[in-house]
Amino acid sequence: MRVGYHLSSEEHRPAPMLQWARRAEQAGFQLLTISDHFHPWTRQQGQSPFVWSVLGGIAQVTERVEVGTAVTCPTVRTHPAIIAQAAATTADMMPGRFFLGVGTGEALNEHILGDRWPSSGARREMLEEAVEVIRLLWRGGSQSHYGRYYTVEQATIFTLPEQLPPIVVSGFGPHSVKLAGRIGDGYMNTAPDAGSVEGFRRAGGEGKRCYGKLDVCIAASEAEARRIAHATWPTSGLRGELGQVLPLPAHFEQAVATVREEDVAESILCSQDPDQHVAALREFADAGYDQVVVQQAGDDQERFFSFYESHVLPRIG
């Protein structure tokens with residue numbers, strides 16, 4: 001299993017994220033992912049830089065580590081033809097080490113142009129057609145597409161990488177998992193859910209990579225870690241589909257008003273015990289995930305790097 005580091009663009013400005021990308025590579029992490037948001041989940045998080053600009057910076061400060069979006073929505077806010085060009089350019093700047101992670105998105109980011117937020121079924125249809133458009137344009141030459149959701153007329157991407165990036169599809173629930181198996185070069189999930197991996201494999205994902213994500217908070221004490229996790233990521237205590245349908249950070253702040261520290265600690269590992277972190281990573285491996293990225297809540301990223309560099313990464317093969 002390969003272990004990576006996740007950059008939270010909802011919490012951090014671009015300059016420190018570039019420093020942490022370099023530090024992650026030096027610490028021995030094997031891949032990086034970065035979120036793509038127009039808004040943070042809450043105003044307490046407070047940031048949301050343009051992911052493609054940050055990726056250009058990451059290309060310059062790293063040399064070996066694999067990098068991917070986790071994830072970009074190529075359906076409403078940004079036309080898939082633009083994503084195809086952006087991803088091709090990024091892959092050209094990081095030869096052989098960029099992947100395009102995509103998903104159906106959230107109203108939080110996608111409503112901003114005044115478009116209607118579609119139903120979950122329509123969003124999956126849009127994502128499938130968007131991936132079709134992206135792959136079409138990556139063939140090179142002049143391409144046109146006239147589909148149910150997207151039109152492309154005589155578009156040519158001139159800057160194509162020698163090696164096209166894999167498309168990794170994020171999905172939760174059986175319909176999204178089947179879609180990922182059908183159209184994706186890999187699958188991404190945020191929980192060690194073996195059933196989803198099995199569904200992905202059955203739907204066409206046999207032999208393809210599966211990416212998981214582990215959220216942690218390492219601090220001076222467990223109590224401090226729980227406090228930081230609750231302050232920065234109260235949304236991790238939400239259940240159901242609220243994360244996909246609420247349109248504004250203010251709405252999420254209202255929704256998390258009753259979320260407690262113990263609710264957040266169920267989703268974010270707030271332990272200072274290396275054994276628990278190793279066990280959490282191995283839970284993903286046992287469920288079939290061969291790539292896992294770890295996100296540290298809060299500003300103290302150096303404490304996280306030192307902890308993982310010394311106590312966790314040497315124990316994970």
# chains A, B, ... in the order shown; residues from 1 in each chain; ligands from 1

call {"tool": "residues_around", "arguments": {"residues": "Ser221 (chain A)", "least_positions_apart": "4", "cutoff": "10 Å", "atoms": "only C-alpha atoms", "output": "ChimeraX atom specification"}}
result
/A:217,225-227,270-272

call {"tool": "residues_around", "arguments": {"residues": "Arg260 (chain A)", "least_positions_apart": "5", "cutoff": "9 Å", "atoms": "only C-alpha atoms", "output": "list in words"}}
result
His230, Pro234, Gly237 and Ala265 of chain A

call {"tool": "write_last_selection", "arguments": {"atoms": "C-alpha atoms", "output": "compact mmCIF listing (two decimals), in the first residue's frame"}}
result
# COMPACT_ATOMS: atom_id res chain seq x y z
CA HIS A 230 -14.26 20.02 15.81
CA PRO A 234 -17.49 20.01 12.14
CA GLY A 237 -20.13 14.89 11.79
CA ALA A 265 -13.96 12.16 16.50

call {"tool": "atom_distance", "arguments": {"atom1": "CA of His12 (chain A)", "atom2": "CA of Lys213 (chain A)"}}
result
18.3 Å

call {"tool": "closest_residue", "arguments": {"among": "A:Gln44, A:Ser53, A:Ser35, A:Gln26", "to": "Ala250 (chain A)", "atoms": "only C-alpha atoms"}}
result
A:Gln44

call {"tool": "select_by_dssp", "arguments": {"residues": "region 125-201 of chain A", "states": "helix (DSSP H, G or I)", "output": "ChimeraX atom specification"}}
result
/A:125-137,174-183,194-201

call {"tool": "atom_distance", "arguments": {"atom1": "CA of Arg315 (chain A)", "atom2": "CA of Gln291 (chain A)"}}
result
15.2 Å

call {"tool": "closest_residue", "arguments": {"among": "A:Trp52, A:Ser236, A:Arg202, A:Glu132", "to": "Tyr146 (chain A)", "atoms": "only C-alpha atoms"}}
result
A:Glu132
